[in-house]
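Engineer: File name protein_19.cif; file contents mmCIF, C-alpha atoms; full text below.
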data_structure
#
loop_
_atom_site.group_PDB
_atom_site.id
_atom_site.type_symbol
_atom_site.label_atom_id
_atom_site.label_comp_id
_atom_site.auth_asym_id
_atom_site.auth_seq_id
_atom_site.Cartn_x
_atom_site.Cartn_y
_atom_site.Cartn_z
ATOM 1 C CA MET K 27 -75.587 -5.175 -90.535
ATOM 2 C CA LYS K 28 -77.750 -8.178 -91.279
ATOM 3 C CA ASP K 29 -79.100 -6.428 -94.379
ATOM 4 C CA SER K 30 -75.740 -5.695 -95.723
ATOM 5 C CA ALA K 31 -74.748 -9.312 -95.228
ATOM 6 C CA LEU K 32 -77.763 -10.635 -97.108
ATOM 7 C CA LEU K 33 -77.130 -8.142 -99.872
ATOM 8 C CA PHE K 34 -73.630 -9.218 -100.014
ATOM 9 C CA PHE K 35 -74.649 -12.840 -100.282
ATOM 10 C CA ALA K 36 -77.231 -12.094 -102.990
ATOM 11 C CA ASN K 37 -74.753 -10.151 -105.010
ATOM 12 C CA ALA K 38 -72.332 -12.862 -104.541
ATOM 13 C CA SER K 39 -74.846 -15.460 -105.685
ATOM 14 C CA GLU K 40 -75.592 -13.459 -108.789
ATOM 15 C CA ALA K 41 -71.993 -12.863 -109.511
ATOM 16 C CA ALA K 42 -71.309 -16.423 -108.941
ATOM 17 C CA THR K 43 -73.764 -17.491 -111.546
ATOM 18 C CA LYS K 44 -72.204 -15.106 -113.999
ATOM 19 C CA ASP K 45 -68.754 -15.938 -113.097
ATOM 20 C CA SER K 46 -69.196 -19.637 -112.442
ATOM 21 C CA ASP K 47 -67.654 -20.444 -115.617
ATOM 22 C CA MET K 48 -64.739 -18.161 -114.914
ATOM 23 C CA PHE K 49 -64.152 -19.752 -111.378
ATOM 24 C CA ALA K 50 -64.389 -23.177 -112.823
ATOM 25 C CA SER K 51 -61.816 -22.343 -115.414
ATOM 26 C CA ILE K 52 -59.284 -21.507 -112.673
ATOM 27 C CA GLY K 53 -60.238 -24.500 -110.523
ATOM 28 C CA ILE K 54 -62.359 -22.736 -107.842
ATOM 29 C CA ASP K 55 -65.686 -24.063 -106.715
ATOM 30 C CA TRP K 56 -67.730 -20.930 -105.956
ATOM 31 C CA LYS K 57 -70.081 -22.866 -103.675
ATOM 32 C CA VAL K 58 -67.238 -23.913 -101.471
ATOM 33 C CA LEU K 59 -65.879 -20.434 -101.617
ATOM 34 C CA LEU K 60 -69.197 -18.972 -100.646
ATOM 35 C CA LEU K 61 -69.528 -21.394 -97.815
ATOM 36 C CA ASN K 62 -66.081 -20.495 -96.573
ATOM 37 C CA ILE K 63 -66.929 -16.838 -96.745
ATOM 38 C CA VAL K 64 -70.147 -17.425 -94.803
ATOM 39 C CA ALA K 65 -68.244 -19.486 -92.262
ATOM 40 C CA PHE K 66 -65.644 -16.794 -92.020
ATOM 41 C CA LEU K 67 -68.227 -14.133 -91.452
ATOM 42 C CA ILE K 68 -69.958 -16.261 -88.833
ATOM 43 C CA LEU K 69 -66.643 -16.812 -87.158
ATOM 44 C CA LEU K 70 -65.950 -13.115 -87.365
ATOM 45 C CA TRP K 71 -69.332 -12.361 -85.816
ATOM 46 C CA LEU K 72 -68.790 -14.924 -83.093
ATOM 47 C CA LEU K 73 -65.395 -13.516 -82.309
ATOM 48 C CA LYS K 74 -66.741 -9.975 -82.226
ATOM 49 C CA ARG K 75 -69.664 -11.037 -80.140
ATOM 50 C CA PHE K 76 -68.074 -13.354 -77.630
ATOM 51 C CA VAL K 77 -64.307 -13.218 -77.859
ATOM 52 C CA TYR K 78 -63.240 -9.661 -78.521
ATOM 53 C CA PRO K 79 -65.240 -7.931 -75.767
ATOM 54 C CA PRO K 80 -63.777 -9.964 -72.885
ATOM 55 C CA LEU K 81 -60.430 -9.870 -74.591
ATOM 56 C CA VAL K 82 -60.603 -6.076 -74.896
ATOM 57 C CA LYS K 83 -61.931 -5.877 -71.381
ATOM 58 C CA MET K 84 -59.087 -8.035 -70.188
ATOM 59 C CA LEU K 85 -56.583 -5.930 -72.128
ATOM 60 C CA ASP K 86 -58.104 -2.749 -70.678
ATOM 61 C CA ALA K 87 -57.885 -4.220 -67.240
ATOM 62 C CA ARG K 88 -54.387 -5.318 -67.982
ATOM 63 C CA GLU K 89 -53.506 -1.842 -69.192
ATOM 64 C CA LYS K 90 -55.144 -0.383 -66.129
ATOM 65 C CA ASP K 91 -53.175 -2.731 -63.944
ATOM 66 C CA ILE K 92 -49.988 -1.822 -65.751
ATOM 67 C CA GLU K 93 -50.789 1.842 -65.355
ATOM 68 C CA SER K 94 -51.509 1.277 -61.682
ATOM 69 C CA ALA K 95 -48.313 -0.636 -61.330
ATOM 70 C CA ARG K 96 -46.472 2.116 -63.150
ATOM 71 C CA GLN K 97 -48.063 4.690 -60.864
ATOM 72 C CA ALA K 98 -47.205 2.526 -57.898
ATOM 73 C CA ALA K 99 -43.685 2.148 -59.195
ATOM 74 C CA MET K 100 -43.414 5.883 -59.605
ATOM 75 C CA GLU K 101 -44.824 6.344 -56.119
ATOM 76 C CA SER K 102 -42.414 3.770 -54.858
ATOM 77 C CA GLU K 103 -39.609 5.509 -56.663
ATOM 78 C CA LYS K 104 -40.690 8.789 -55.113
ATOM 79 C CA HIS K 105 -40.944 7.089 -51.749
ATOM 80 C CA ALA K 106 -37.577 5.527 -52.340
ATOM 81 C CA GLU K 107 -36.086 8.881 -53.211
ATOM 82 C CA THR K 108 -37.722 10.433 -50.202
ATOM 83 C CA ALA K 109 -36.551 7.533 -48.087
ATOM 84 C CA LYS K 110 -33.091 7.824 -49.599
ATOM 85 C CA ALA K 111 -33.033 11.529 -48.791
ATOM 86 C CA GLU K 112 -34.267 10.756 -45.300
ATOM 87 C CA ILE K 113 -31.690 8.027 -44.957
ATOM 88 C CA ASP K 114 -28.995 10.382 -46.226
ATOM 89 C CA LYS K 115 -30.151 12.962 -43.739
ATOM 90 C CA LEU K 116 -30.237 10.392 -40.957
ATOM 91 C CA LEU K 117 -26.851 9.069 -42.034
ATOM 92 C CA LYS K 118 -25.481 12.593 -42.005
ATOM 93 C CA GLU K 119 -26.921 13.168 -38.567
ATOM 94 C CA ALA K 120 -25.670 9.776 -37.433
ATOM 95 C CA ARG K 121 -22.225 10.549 -38.805
ATOM 96 C CA GLY K 122 -22.290 13.862 -36.992
ATOM 97 C CA GLU K 123 -23.412 12.191 -33.799
ATOM 98 C CA ALA K 124 -20.837 9.465 -34.310
ATOM 99 C CA ALA K 125 -18.162 12.092 -34.823
ATOM 100 C CA ASP K 126 -19.349 13.843 -31.659
ATOM 101 C CA ILE K 127 -19.357 10.542 -29.780
ATOM 102 C CA VAL K 128 -15.908 9.696 -31.069
ATOM 103 C CA ALA K 129 -14.642 13.160 -30.158
ATOM 104 C CA THR K 130 -16.228 12.893 -26.710
ATOM 105 C CA ALA K 131 -14.852 9.390 -26.285
ATOM 106 C CA LYS K 132 -11.404 10.589 -27.346
ATOM 107 C CA ALA K 133 -11.603 13.480 -24.915
ATOM 108 C CA GLU K 134 -12.793 11.181 -22.123
ATOM 109 C CA ALA K 135 -10.126 8.637 -23.012
ATOM 110 C CA THR K 136 -7.488 11.351 -22.986
ATOM 111 C CA ASP K 137 -8.799 12.637 -19.681
ATOM 112 C CA ALA K 138 -8.910 9.128 -18.233
ATOM 113 C CA LEU K 139 -5.424 8.470 -19.550
ATOM 114 C CA GLU K 140 -4.140 11.670 -17.987
ATOM 115 C CA LYS K 141 -5.825 10.826 -14.708
ATOM 116 C CA ALA K 142 -4.458 7.275 -14.833
ATOM 117 C CA THR K 143 -1.024 8.658 -15.642
ATOM 118 C CA GLU K 144 -1.218 11.115 -12.755
ATOM 119 C CA LYS K 145 -2.469 8.370 -10.430
ATOM 120 C CA SER K 146 0.278 6.020 -11.577
ATOM 121 C CA LYS K 147 2.843 8.769 -11.133
ATOM 122 C CA ALA K 148 1.519 9.522 -7.669
ATOM 123 C CA GLN K 149 1.600 5.827 -6.801
ATOM 124 C CA ALA K 150 5.091 5.523 -8.203
ATOM 125 C CA ASP K 151 6.211 8.576 -6.228
ATOM 126 C CA HIS K 152 4.593 7.120 -3.120
ATOM 127 C CA MET K 153 6.305 3.781 -3.696
ATOM 128 C CA VAL K 154 9.634 5.514 -4.268
ATOM 129 C CA ALA K 155 9.129 7.558 -1.100
ATOM 130 C CA GLN K 156 8.224 4.412 0.807
ATOM 131 C CA ALA K 157 11.249 2.661 -0.631
ATOM 132 C CA HIS K 158 13.453 5.591 0.392
ATOM 133 C CA ASP K 159 11.885 5.557 3.830
ATOM 134 C CA THR K 160 12.381 1.816 4.135
ATOM 135 C CA ILE K 161 15.962 2.053 2.932
ATOM 136 C CA GLU K 162 16.613 4.897 5.344
ATOM 137 C CA LYS K 163 15.141 2.907 8.206
ATOM 138 C CA GLU K 164 17.137 -0.149 7.222
ATOM 139 C CA VAL K 165 20.304 1.942 6.995
ATOM 140 C CA LEU K 166 19.571 3.408 10.419
ATOM 141 C CA ALA K 167 18.870 -0.062 11.807
ATOM 142 C CA ALA K 168 22.072 -1.370 10.236
ATOM 143 C CA ARG K 169 24.027 1.562 11.669
ATOM 144 C CA LYS K 170 22.456 0.976 15.054
ATOM 145 C CA THR K 171 23.273 -2.707 14.883
ATOM 146 C CA LEU K 172 26.814 -1.915 13.775
ATOM 147 C CA HIS K 173 27.122 0.675 16.568
ATOM 148 C CA ASN K 174 25.888 -1.778 19.192
ATOM 149 C CA GLU K 175 28.008 -4.608 17.909
ATOM 150 C CA THR K 176 31.028 -2.297 17.838
ATOM 151 C CA ILE K 177 30.357 -1.306 21.437
ATOM 152 C CA ASP K 178 30.057 -4.955 22.427
ATOM 153 C CA LEU K 179 33.249 -5.826 20.602
ATOM 154 C CA VAL K 180 35.126 -2.849 22.065
ATOM 155 C CA ALA K 181 33.901 -3.676 25.571
ATOM 156 C CA LEU K 182 34.753 -7.335 25.167
ATOM 157 C CA ALA K 183 38.177 -6.593 23.695
ATOM 158 C CA THR K 184 38.879 -4.041 26.420
ATOM 159 C CA GLU K 185 37.927 -6.563 29.102
ATOM 160 C CA LYS K 186 40.182 -9.175 27.551
ATOM 161 C CA VAL K 187 43.136 -6.878 26.938
ATOM 162 C CA VAL K 188 42.919 -4.892 30.166
ATOM 163 C CA GLY K 189 42.267 -7.990 32.266
ATOM 164 C CA ALA K 190 45.369 -9.642 30.863
ATOM 165 C CA SER K 191 47.773 -6.712 30.601
ATOM 166 C CA LEU K 192 46.880 -4.076 33.192
ATOM 167 C CA THR K 193 49.724 -4.076 35.697
ATOM 168 C CA ALA K 194 49.622 -2.543 39.165
ATOM 169 C CA LYS K 195 51.629 0.409 37.918
ATOM 170 C CA LEU K 196 49.290 1.090 35.064
ATOM 171 C CA ASP K 197 46.313 0.619 37.369
ATOM 172 C CA THR K 198 47.778 3.213 39.748
ATOM 173 C CA ALA K 199 48.021 5.648 36.878
ATOM 174 C CA VAL K 200 44.417 4.917 35.937
ATOM 175 C CA VAL K 201 43.296 5.502 39.540
ATOM 176 C CA VAL K 202 45.219 8.774 39.775
ATOM 177 C CA GLU K 203 43.667 9.957 36.547
ATOM 178 C CA ALA K 204 40.221 8.945 37.757
ATOM 179 C CA LEU K 205 40.646 10.812 41.039
ATOM 180 C CA LYS K 206 41.816 13.903 39.141
ATOM 181 C CA GLU K 207 38.735 13.743 36.949
ATOM 182 C CA ALA K 208 36.530 13.298 40.025
ATOM 183 C CA LYS K 209 37.816 16.561 41.539
ATOM 184 C CA MET P 9 8.384 -4.715 78.191
ATOM 185 C CA ALA P 10 11.418 -2.537 77.474
ATOM 186 C CA GLN P 11 10.873 0.567 75.292
ATOM 187 C CA LYS P 12 12.082 0.184 71.727
ATOM 188 C CA ILE P 13 15.216 2.247 71.056
ATOM 189 C CA SER P 14 15.457 3.771 67.609
ATOM 190 C CA ARG P 15 18.197 2.768 65.223
ATOM 191 C CA ARG P 16 19.357 6.369 65.083
ATOM 192 C CA LYS P 17 19.858 6.497 68.869
ATOM 193 C CA ILE P 18 21.819 3.258 68.899
ATOM 194 C CA ALA P 19 24.006 4.540 66.080
ATOM 195 C CA ASN P 20 24.644 7.845 67.851
ATOM 196 C CA TYR P 21 25.563 5.981 71.036
ATOM 197 C CA ILE P 22 28.069 3.794 69.250
ATOM 198 C CA ALA P 23 29.486 6.686 67.189
ATOM 199 C CA ASP P 24 29.956 8.794 70.300
ATOM 200 C CA GLY P 25 31.738 5.869 71.953
ATOM 201 C CA ILE P 26 34.067 5.377 69.018
ATOM 202 C CA VAL P 27 34.876 9.081 68.937
ATOM 203 C CA ARG P 28 35.560 9.021 72.693
ATOM 204 C CA GLY P 29 37.964 6.158 72.112
ATOM 205 C CA ASP P 30 35.914 3.381 73.695
ATOM 206 C CA GLU P 31 36.625 -0.181 72.699
ATOM 207 C CA ILE P 32 34.885 -0.685 69.380
ATOM 208 C CA SER P 33 34.355 -4.400 69.879
ATOM 209 C CA THR P 34 32.598 -3.744 73.201
ATOM 210 C CA LEU P 35 30.315 -1.202 71.629
ATOM 211 C CA LEU P 36 29.481 -3.544 68.771
ATOM 212 C CA ASN P 37 28.828 -6.437 71.142
ATOM 213 C CA GLN P 38 26.385 -4.284 73.072
ATOM 214 C CA ALA P 39 24.626 -3.292 69.893
ATOM 215 C CA ALA P 40 24.495 -6.910 68.717
ATOM 216 C CA ALA P 41 23.140 -8.060 72.068
ATOM 217 C CA TYR P 42 20.433 -5.436 71.969
ATOM 218 C CA LEU P 43 19.397 -6.368 68.427
ATOM 219 C CA ILE P 44 19.225 -10.052 69.381
ATOM 220 C CA GLU P 45 17.262 -9.331 72.519
ATOM 221 C CA SER P 46 14.828 -7.071 70.765
ATOM 222 C CA ARG P 47 14.625 -9.481 67.799
ATOM 223 C CA ARG P 48 15.822 -6.833 65.348
ATOM 224 C CA THR P 49 18.776 -8.689 63.896
ATOM 225 C CA ARG P 50 17.431 -8.011 60.421
ATOM 226 C CA GLU P 51 18.295 -4.350 60.997
ATOM 227 C CA ALA P 52 21.993 -5.111 61.455
ATOM 228 C CA ASP P 53 23.028 -3.896 58.003
ATOM 229 C CA LEU P 54 20.912 -0.781 58.312
ATOM 230 C CA LEU P 55 22.376 -0.115 61.757
ATOM 231 C CA VAL P 56 25.910 -0.328 60.355
ATOM 232 C CA ARG P 57 25.043 2.242 57.691
ATOM 233 C CA THR P 58 23.442 4.485 60.247
ATOM 234 C CA ILE P 59 26.544 4.239 62.441
ATOM 235 C CA GLU P 60 28.646 5.210 59.414
ATOM 236 C CA ASP P 61 26.376 8.198 58.818
ATOM 237 C CA ALA P 62 26.700 9.214 62.481
ATOM 238 C CA LEU P 63 30.484 8.872 62.368
ATOM 239 C CA GLU P 64 30.659 10.997 59.217
ATOM 240 C CA VAL P 65 28.728 13.727 61.000
ATOM 241 C CA ARG P 66 31.311 13.498 63.775
ATOM 242 C CA GLY P 67 34.230 13.862 61.323
ATOM 243 C CA THR P 68 35.119 10.208 60.822
ATOM 244 C CA THR P 69 34.337 8.864 57.389
ATOM 245 C CA ILE P 70 34.077 5.160 56.737
ATOM 246 C CA ALA P 71 34.811 4.541 53.062
ATOM 247 C CA THR P 72 34.935 1.401 50.973
ATOM 248 C CA ALA P 73 37.416 1.340 48.102
ATOM 249 C CA VAL P 74 37.225 -1.391 45.496
ATOM 250 C CA SER P 75 40.142 -1.826 43.066
ATOM 251 C CA ALA P 76 41.780 -4.487 40.989
ATOM 252 C CA HIS P 77 45.117 -4.030 42.769
ATOM 253 C CA ALA P 78 45.987 -3.009 46.314
ATOM 254 C CA LEU P 79 46.027 0.761 46.791
ATOM 255 C CA SER P 80 49.292 2.479 47.661
ATOM 256 C CA GLY P 81 49.622 5.021 50.460
ATOM 257 C CA ASP P 82 49.688 7.888 48.013
ATOM 258 C CA LEU P 83 46.439 6.715 46.469
ATOM 259 C CA LYS P 84 44.796 6.389 49.877
ATOM 260 C CA GLN P 85 45.823 9.971 50.686
ATOM 261 C CA ALA P 86 44.493 11.113 47.355
ATOM 262 C CA ILE P 87 41.194 9.402 48.112
ATOM 263 C CA ALA P 88 41.099 11.053 51.563
ATOM 264 C CA ARG P 89 41.709 14.433 49.964
ATOM 265 C CA LEU P 90 38.971 13.745 47.464
ATOM 266 C CA ILE P 91 36.485 12.853 50.180
ATOM 267 C CA GLY P 92 37.553 15.774 52.349
ATOM 268 C CA ALA P 93 37.262 13.792 55.606
ATOM 269 C CA LYS P 94 38.987 14.845 58.821
ATOM 270 C CA ARG P 95 39.591 11.216 59.605
ATOM 271 C CA LEU P 96 39.229 8.423 57.093
ATOM 272 C CA GLU P 97 38.726 4.756 57.798
ATOM 273 C CA LEU P 98 39.257 3.079 54.455
ATOM 274 C CA ARG P 99 37.878 -0.402 53.899
ATOM 275 C CA GLU P 100 39.846 -1.854 50.983
ATOM 276 C CA VAL P 101 38.456 -4.539 48.704
ATOM 277 C CA VAL P 102 40.619 -6.047 45.955
ATOM 278 C CA ASP P 103 38.380 -7.389 43.188
ATOM 279 C CA PRO P 104 40.066 -8.301 39.871
ATOM 280 C CA LEU P 105 36.632 -8.240 38.212
ATOM 281 C CA VAL P 106 36.673 -4.428 38.229
ATOM 282 C CA LEU P 107 39.619 -4.722 35.812
ATOM 283 C CA GLY P 108 41.186 -1.390 36.843
ATOM 284 C CA GLY P 109 40.552 2.005 38.386
ATOM 285 C CA VAL P 110 38.870 2.465 41.744
ATOM 286 C CA SER P 111 35.416 2.659 43.250
ATOM 287 C CA VAL P 112 34.983 4.699 46.443
ATOM 288 C CA LYS P 113 31.803 4.639 48.466
ATOM 289 C CA THR P 114 31.035 6.663 51.605
ATOM 290 C CA PRO P 115 27.673 7.333 53.299
ATOM 291 C CA SER P 116 27.397 10.589 51.351
ATOM 292 C CA LEU P 117 29.569 9.961 48.293
ATOM 293 C CA GLN P 118 29.822 7.328 45.643
ATOM 294 C CA LEU P 119 32.497 7.391 42.989
ATOM 295 C CA ASP P 120 32.819 4.529 40.541
ATOM 296 C CA ALA P 121 35.863 5.075 38.341
ATOM 297 C CA THR P 122 36.527 1.429 37.598
ATOM 298 C CA ILE P 123 37.082 0.206 34.069
ATOM 299 C CA LYS P 124 34.314 -2.322 34.618
ATOM 300 C CA HIS P 125 31.875 0.495 35.351
ATOM 301 C CA LYS P 126 33.035 2.465 32.323
ATOM 302 C CA LEU P 127 32.483 -0.562 30.115
ATOM 303 C CA THR P 128 29.054 -1.030 31.652
ATOM 304 C CA VAL P 129 28.215 2.594 30.891
ATOM 305 C CA LEU P 130 29.502 2.061 27.374
ATOM 306 C CA ARG P 131 27.272 -0.994 26.945
ATOM 307 C CA GLU P 132 24.298 0.922 28.286
ATOM 308 C CA ALA P 133 24.911 3.548 25.602
ATOM 309 C CA LYS P 134 23.802 1.014 23.028
ATOM 310 C CA GLN P 135 20.832 2.177 20.957
#
Translate this file's structure into structure tokens.
Structural biologist:
Amino acid sequence: MKDSALLFFANASEAATKDSDMFASIGIDWKVLLLNIVAFLILLWLLKRFVYPPLVKMLDAREKDIESARQAAMESEKHAETAKAEIDKLLKEARGEAADIVATAKAEATDALEKATEKSKAQADHMVAQAHDTIEKEVLAARKTLHNETIDLVALATEKVVGASLTAKLDTAVVVEALKEAK
Amino acid sequence: MAQKISRRKIANYIADGIVRGDEISTLLNQAAAYLIESRRTREADLLVRTIEDALEVRGTTIATAVSAHALSGDLKQAIARLIGAKRLELREVVDPLVLGGVSVKTPSLQLDATIKHKLTVLREAKQ
């Protein structure tokens, strides 16, 4: 590469001598041009020697990272799909279990409601029976009280009336009747 | 100390005397004297009942009739027929509290047909 560069410069120097007049006619200083070319080539060499390799290395690494990331993303996507399928499966199972739980709960609630209804009905029947019993007892007590009070009133009225109005004649009749009954 | 004479023997003695026609007051005075002497005056009521029992055995019935009004002769005869006594000594008691009817009591019979008794029975029928 060095040889080719020197050859290039020599050819350029020779051409420059020949064409110096031509460059001058169009306003170009071939020495400055040559210097710029040399500077350019040095810059190119420096870039190729020191800049491009780390840059390429960095780009390769970057590409590798991107590829890794892409692979990771694909893995993640696969994982996500797998997880989504698993979640769907779990959700399906959970829905099934939830439906079972709800059905069981409904059945238990219905059973509990029926039991509560039966218990309430039994309690109501018991209360009604007790109420009937109480009413019956109260009616009996009231009848008894009425019966006793009637007896008291009848006895008292009889005492008053008989004591005031029973004449000797009537009393004789009562005695005769009593003696007939006693026979 | 004199031997204690039973109430039954005293009653029989007095009943026999009454049936024989002895003076009743004399017999009763003897009985009273004996009870006082033997310090048995508390048996006087019991002795009277025993005498009545003894008389009934001998055909004389002592009856007590309680009524609100005095009993007529017909009623007394009806009572005697009811009791079935050969000879009836009726002790009449007029008590307005019995209200009406008659109550007859002998040593072996008790009939309470007074209105007062009927009312009492009625009151006892209370529940």
Engineer: Running the PyMOL selection byres ((chain K and resi 208) around 10) on this model by hand, what would come out? Give it as a list of chain:residue names.
Structural biologist: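 After applying the PyMOL selection byres ((chain K and resi 208) around 10), what remains is K:Val202, K:Glu203, K:Ala204, K:Leu205, K:Lys206, K:Glu207, K:Lys209, P:Leu90, P:Leu119, P:Asp120, P:Ala121.
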Engineer: Write out, as a tab-separated table, each residue of chain P that has an atom at most 12 Å from chain K, together with the closest pair of atoms and their distance in Å to one decimal, counting all atoms listed in the file, rows going by chain and rising number.
Structural biologist:
residue	atom	partner	partner_atom	distance
P:Ala73	CA	K:Val201	CA	11.2
P:Val74	CA	K:Val201	CA	10.9
P:Ser75	CA	K:Val201	CA	8.7
P:Ala76	CA	K:Asp197	CA	7.7
P:His77	CA	K:Ala194	CA	6.0
P:Ala78	CA	K:Ala194	CA	8.0
P:Leu79	CA	K:Thr198	CA	7.7
P:Ser80	CA	K:Thr198	CA	8.1
P:Gly81	CA	K:Thr198	CA	11.0
P:Asp82	CA	K:Val202	CA	9.4
P:Leu83	CA	K:Val202	CA	7.1
P:Lys84	CA	K:Val202	CA	10.4
P:Gln85	CA	K:Leu205	CA	11.0
P:Ala86	CA	K:Leu205	CA	7.4
P:Ile87	CA	K:Leu205	CA	7.2
P:Ala88	CA	K:Leu205	CA	10.5
P:Arg89	CA	K:Lys209	CA	9.5
P:Leu90	CA	K:Lys209	CA	6.7
P:Ile91	CA	K:Lys209	CA	9.5
P:Gly92	CA	K:Lys209	CA	10.8
P:Val102	CA	K:Ala194	CA	11.8
P:Asp103	CA	K:Gly189	CA	11.6
P:Pro104	CA	K:Gly189	CA	7.9
P:Leu105	CA	K:Gly189	CA	8.2
P:Val106	CA	K:Gly189	CA	8.9
P:Leu107	CA	K:Gly189	CA	5.5
P:Gly108	CA	K:Asp197	CA	5.5
P:Gly109	CA	K:Val201	CA	4.6
P:Val110	CA	K:Val201	CA	5.8
P:Ser111	CA	K:Val201	CA	9.2
P:Val112	CA	K:Leu205	CA	9.9
P:Leu117	CA	K:Ala208	CA	11.3
P:Gln118	CA	K:Ala208	CA	10.6
P:Leu119	CA	K:Ala208	CA	7.7
P:Asp120	CA	K:Ala204	CA	9.1
P:Ala121	CA	K:Ala204	CA	5.9
P:Thr122	CA	K:Val201	CA	8.1
P:Ile123	CA	K:Glu185	CA	8.4
P:Lys124	CA	K:Glu185	CA	7.8
P:His125	CA	K:Ala181	CA	10.8
P:Lys126	CA	K:Ala181	CA	9.2
P:Leu127	CA	K:Ala181	CA	5.7
P:Thr128	CA	K:Ala181	CA	8.2
P:Val129	CA	K:Ala181	CA	10.0
P:Leu130	CA	K:Ile177	CA	6.9
P:Arg131	CA	K:Ile177	CA	6.3
P:Glu132	CA	K:Ile177	CA	9.4
P:Ala133	CA	K:Asn174	CA	8.4
P:Lys134	CA	K:Asn174	CA	5.2
P:Gln135	CA	K:Lys170	CA	6.2
Engineer: Mind pulling up the distance from atom CA of Arg47 of chain P to atom CA of Lys12 of chain P?
Structural biologist: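 Straight-line distance from atom CA of Lys12 of chain P to atom CA of Arg47 of chain P works out to 10.7 Å.
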Engineer: Give me the residues near segment 53-64 of chain P as a PDB file with C-alpha atoms, keeping the file's coordinate frame, where near means some atom within 8 Å (using only C-alpha atoms) and where sequence neighbours in that chain fewer than 3 positions away do not count.
Structural biologist:
ATOM      1  CA  ARG P  15      18.197   2.768  65.223  1.00  0.00           C
ATOM      2  CA  ARG P  16      19.357   6.369  65.083  1.00  0.00           C
ATOM      3  CA  ILE P  18      21.819   3.258  68.899  1.00  0.00           C
ATOM      4  CA  ALA P  19      24.006   4.540  66.080  1.00  0.00           C
ATOM      5  CA  ASN P  20      24.644   7.845  67.851  1.00  0.00           C
ATOM      6  CA  ILE P  22      28.069   3.794  69.250  1.00  0.00           C
ATOM      7  CA  ALA P  23      29.486   6.686  67.189  1.00  0.00           C
ATOM      8  CA  ASP P  24      29.956   8.794  70.300  1.00  0.00           C
ATOM      9  CA  VAL P  27      34.876   9.081  68.937  1.00  0.00           C
ATOM     10  CA  ARG P  50      17.431  -8.011  60.421  1.00  0.00           C
ATOM     11  CA  GLY P  67      34.230  13.862  61.323  1.00  0.00           C
ATOM     12  CA  THR P  68      35.119  10.208  60.822  1.00  0.00           C
ATOM     13  CA  THR P  69      34.337   8.864  57.389  1.00  0.00           C
ATOM     14  CA  ILE P  70      34.077   5.160  56.737  1.00  0.00           C
ATOM     15  CA  PRO P 115      27.673   7.333  53.299  1.00  0.00           C
ATOM     16  CA  SER P 116      27.397  10.589  51.351  1.00  0.00           C
TER      17      SER P 116
END
Engineer: Hey, can you check how far atom CA of His105 of chain K sits from atom CA of Ala124 of chain K?
Structural biologist: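 One can read the atom CA of His105 of chain K to atom CA of Ala124 of chain K distance as 26.7 Å.
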Engineer: As an mmCIF file with C-alpha atoms, keeping the file's coordinate frame, please: the residues near Gly25 of chain P (cut-off 8 Å, all atoms listed in the file, same-chain neighbours under 6 positions excluded).
Structural biologist:
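What ended up in out.cif:
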data_model
loop_
_atom_site.group_PDB
_atom_site.id
_atom_site.type_symbol
_atom_site.label_atom_id
_atom_site.label_comp_id
_atom_site.auth_asym_id
_atom_site.auth_seq_id
_atom_site.Cartn_x
_atom_site.Cartn_y
_atom_site.Cartn_z
ATOM 1 C CA GLU P 31 36.625 -0.181 72.699
ATOM 2 C CA ILE P 32 34.885 -0.685 69.380
ATOM 3 C CA LEU P 35 30.315 -1.202 71.629
#
Engineer: Can you measure atom CA of Tyr21 of chain P to atom CA of Glu100 of chain P for me? One decimal in Å is fine.
Structural biologist: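 Distance between the two atoms: 25.8 Å.
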Engineer: Draw an axis-aligned box tight on the listed atoms of segment 63-70 of chain K, then pad every side by 8 Å and write out centre and edge lengths in Å to one decimal as AutoDock Vina command-line options.
Structural biologist:
--center_x -67.9 --center_y -16.3 --center_z -92.0 --size_x 20.5 --size_y 22.4 --size_z 25.6
Engineer: Taking the partial coordinates given, rebuild segment 96-103 of chain P to contain N, CA and C atoms; return it as a compact mmCIF listing (two decimals), in the frame of the given file.
Structural biologist:
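Below you can see out.txt, which holds the result:
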# COMPACT_ATOMS: atom_id res chain seq x y z
N LEU P 96 39.76 9.39 58.06
CA LEU P 96 39.23 8.42 57.09
C LEU P 96 39.56 7.00 57.53
N GLU P 97 38.54 6.19 57.58
CA GLU P 97 38.73 4.76 57.80
C GLU P 97 38.40 4.08 56.47
N LEU P 98 39.45 3.63 55.80
CA LEU P 98 39.26 3.08 54.46
C LEU P 98 39.18 1.56 54.51
N ARG P 99 38.07 1.05 53.98
CA ARG P 99 37.88 -0.40 53.90
C ARG P 99 38.24 -0.81 52.47
N GLU P 100 39.37 -1.51 52.32
CA GLU P 100 39.85 -1.85 50.98
C GLU P 100 39.34 -3.21 50.53
N VAL P 101 38.88 -3.26 49.29
CA VAL P 101 38.46 -4.54 48.70
C VAL P 101 39.18 -4.68 47.36
N VAL P 102 39.94 -5.78 47.23
CA VAL P 102 40.62 -6.05 45.96
C VAL P 102 39.75 -7.02 45.15
N ASP P 103 39.27 -6.56 44.04
CA ASP P 103 38.38 -7.39 43.19
C ASP P 103 38.87 -7.30 41.75
